[in-house]
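Visitor: Have a look at the structure that comes next, please.
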Amino acid sequence: MSDVHDASYYGKCMVGGIFACGLTHMAVCPLDIVKCRMQANPGMYKSIPDGFRSINAAEGMKGFTLGWFPTLVGYSMQGFGKFGFYEMFKDVYKGILGEKAAKYQTIGFLVSSACAEVIADVMLCPMEALKVRMQTSDEGTFPKTAREGWPKIMEAEGWNGFYRGLKPLWARQVPYTMVKFGAFENTVKAFYDNIFTAPKSSYSKSTQLSVTFMSGYIAGIFCAIVSHPADTMVSIMNKRGGTAGSIYADIGFSGLWQGLGTRIFMIGTLTGLQWWIYDSFKIGRAHV
């Protein structure tokens with residue numbers, strides 16, 4: 001890919017983000033269903049394996065696909081905004097800081113990713129609300145298809161039904177993305193500074209992508225921990241409504257951490273795969 005950051009470059013970043021986020025989130029949809037139900041319905045499953053066994057016994061393989069369409073659409077839109085605008089904001093802040101950009105590089109990563117995620121979450125929020133409602137509603141209380149679920153929310157609550165979880169989503173996703181990009185960029189740097197010490201260009205594409213995946217997975221673990229309380233809040237709020245204060249009064253601090261182990265595994269895998277797909281798609285390093 002050309003080093004010129006023009007409209008074509010940003011377009012490729014956006015399309016790469018669509019593939020990176022949309023496909024990976026859809027791929028882990030079964031795990032996401034278990035995670036969301038463990039958050040919204042504490043005690044429903046004893047563990048991740050128990051969740052899989054219970055869903056398979058009650059619904060068969062079809063139960064693991066619930067919410068796949070809003071997941072694919074919502075996170076494709078989020079990836080479009082997250083990765084594309086991140087690259088734009090990085091260039092904006094580089095231009096503002098000029099020669100000081102290298103010195104404050106990590107701050108640039110954090111600010112750029114935060115700005116990009118605010119935009120990306122506005123794009124994600126409606127489909128996230130629909131997905132969570134489909135996956136966590138009690139049997140028979142909400143449609144199991146996006147085609148039927150969307151008009152039901154719209155008729156009952158209007159756009160508020162899709163955006164009431166935006167603030168908790170920002171609380172989850174903005175710190176998550178700041179850690180995701182900041183930790184990833186610095187972990188890659190640490191690998192090449194301390195382990196793969198030959199010039200980066202001397203390593204094969206597969207080796208470089210292995211470093212990408214490992215760095216993404218490590219960053220994903222930190223992402224999951226930082227953003228988990230807000231993720232729990234999003235799941236509960238989209239299932240039953242209420243305010244963050246009323247939900248916290250009901251579940252307490254410990255309740256915010258339901259399903260953390262599941263989410264660490266899910267987000268670590270997701271983040272590693274997202275960066276791997278993103279770098280592969282761009283045919284070059286995205287973190288330059």
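For the structure tokens, the naming scheme is as follows: chains receive sequential letters (A, B, ...) according to their order of presentation, residues are indexed from 1 within each chain, and ligands are indexed from 1 in presentation order.
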Residues of region 7-163 of chain A in helix (DSSP H, G or I) according to DSSP, as a PyMOL selection string?
Guide: chain A and resi 7-27+29-40+48-65+68-100+105-136+146-157+160-163
Visitor: Mind checking which residues fall within 6 Å of region 217-229 of chain A, counting only C-alpha atoms, ignoring those fewer than 6 positions away in the same chain, and posting them as a CSV table (one decimal) with C-alpha atoms, in the first residue's frame?
Guide:
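Resulting contents of selection-v1.csv:
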chain,number,residue,atom,x,y,z
A,172,ARG,CA,-17.5,0.5,27.5
A,176,TYR,CA,-11.7,-0.4,25.5
A,179,VAL,CA,-6.5,0.4,25.5
A,180,LYS,CA,-6.9,-1.7,22.3
A,183,ALA,CA,-1.6,-1.4,24.1
A,184,PHE,CA,-1.5,-3.0,20.7
A,256,LEU,CA,-20.7,-5.8,37.2
A,257,TRP,CA,-18.1,-8.5,36.8
A,264,ILE,CA,-11.5,-12.1,28.4
A,267,ILE,CA,-12.2,-10.3,23.4
A,268,GLY,CA,-8.6,-11.6,23.4
A,269,THR,CA,-9.4,-13.8,20.5
A,271,THR,CA,-8.8,-8.4,19.1
A,272,GLY,CA,-6.0,-10.7,17.9
Visitor: At a cut-off of 10 Å, can you tabulate as a Markdown table every residue of region 78-183 of chain A near region 31-40 of chain A together with its closest atom pair and the distance in Å to one decimal, using only C-alpha atoms and ordering rows by chain then number?
Guide:
| residue | atom | partner | partner_atom | distance |
| --- | --- | --- | --- | --- |
| A:Lys131 | CA | A:Ile33 | CA | 9.3 |
| A:Val132 | CA | A:Cys36 | CA | 7.1 |
| A:Arg133 | CA | A:Cys36 | CA | 9.8 |
| A:Met134 | CA | A:Ile33 | CA | 9.5 |
| A:Gln135 | CA | A:Ile33 | CA | 5.9 |
| A:Thr136 | CA | A:Arg37 | CA | 5.5 |
| A:Ser137 | CA | A:Arg37 | CA | 8.9 |
Visitor: Which residues, written as a list in words, have at least one atom at most 10 Å from Leu273 (chain A), with only C-alpha atoms counted and residues fewer than 3 positions away on the same chain left out?
Guide: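 Residues near the query, excluding close chain neighbours: Ala20, Cys21, Leu23, Thr24, His25, Leu209, Thr212, Phe213, Met214, Gly216, Tyr217, Ile267, Gly268, Thr269, Leu270, Trp276, Ile277, Tyr278 and Asp279 of chain A.
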Visitor: Using C-alpha atoms, can you export the residues from the last selection as a compact mmCIF listing (two decimals), in the first residue's frame?
Guide:
# COMPACT_ATOMS: atom_id res chain seq x y z
CA ALA A 20 -11.95 -7.07 10.78
CA CYS A 21 -14.83 -6.25 13.14
CA LEU A 23 -16.56 -11.08 10.56
CA THR A 24 -14.84 -11.67 13.90
CA HIS A 25 -17.81 -10.60 16.02
CA LEU A 209 1.19 -11.31 11.16
CA THR A 212 0.25 -8.81 15.03
CA PHE A 213 -2.01 -11.56 16.40
CA MET A 214 -0.05 -12.02 19.63
CA GLY A 216 -3.69 -8.04 19.56
CA TYR A 217 -4.50 -10.89 21.93
CA ILE A 267 -12.15 -10.26 23.44
CA GLY A 268 -8.58 -11.56 23.42
CA THR A 269 -9.39 -13.80 20.47
CA LEU A 270 -11.43 -11.09 18.76
CA TRP A 276 -4.54 -9.91 11.88
CA ILE A 277 -7.33 -9.41 9.33
CA TYR A 278 -6.79 -5.64 9.25
CA ASP A 279 -3.06 -5.91 8.59
Visitor: Could you jot down the CA of Phe80 (chain A) to CA of Lys12 (chain A) separation for me, Å, one decimal place?
Guide: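 CA of Lys12 (chain A) lies 9.7 Å from CA of Phe80 (chain A).
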Visitor: Which residues are close to region 111-114 of chain A, i.e. within 12 Å by only C-alpha atoms, leaving aside same-chain residues fewer than 2 positions away? Reply as a PyMOL selection string.
Guide: chain A and resi 79+81-94+104-109+116-121+170-185
Visitor: Using only C-alpha atoms, find each residue of region 129-209 of chain A with at least one atom at most 8 Å away from an atom of region 232-238 of chain A; report its shortest atom-to-atom pair and that distance in Å (one decimal), sort the rows by chain and rising residue number, and return the result as JSON lines.
Guide:
{"residue": "A:Ala129", "atom": "CA", "partner": "A:Asn238", "partner_atom": "CA", "distance": 5.8}
{"residue": "A:Val132", "atom": "CA", "partner": "A:Ser235", "partner_atom": "CA", "distance": 6.2}
{"residue": "A:Arg133", "atom": "CA", "partner": "A:Asn238", "partner_atom": "CA", "distance": 6.0}
{"residue": "A:Arg164", "atom": "CA", "partner": "A:Asn238", "partner_atom": "CA", "distance": 8.0}
{"residue": "A:Gly165", "atom": "CA", "partner": "A:Val234", "partner_atom": "CA", "distance": 6.0}
{"residue": "A:Pro168", "atom": "CA", "partner": "A:Val234", "partner_atom": "CA", "distance": 5.8}
{"residue": "A:Leu169", "atom": "CA", "partner": "A:Val234", "partner_atom": "CA", "distance": 6.3}
Visitor: Go through A:Arg263, A:Tyr192, A:Pro126, A:Leu166 and flag the residue nearest Met154 (chain A), using only C-alpha atoms for the distances.
Guide: A:Pro126
Visitor: Pick from A:Ala102, A:Met61, A:Met44, A:Ile195: nearest to Asp138 (chain A), with only C-alpha atoms counted?
Guide: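 The shortest atom-to-atom distance to Asp138 (chain A) comes from A:Met44.
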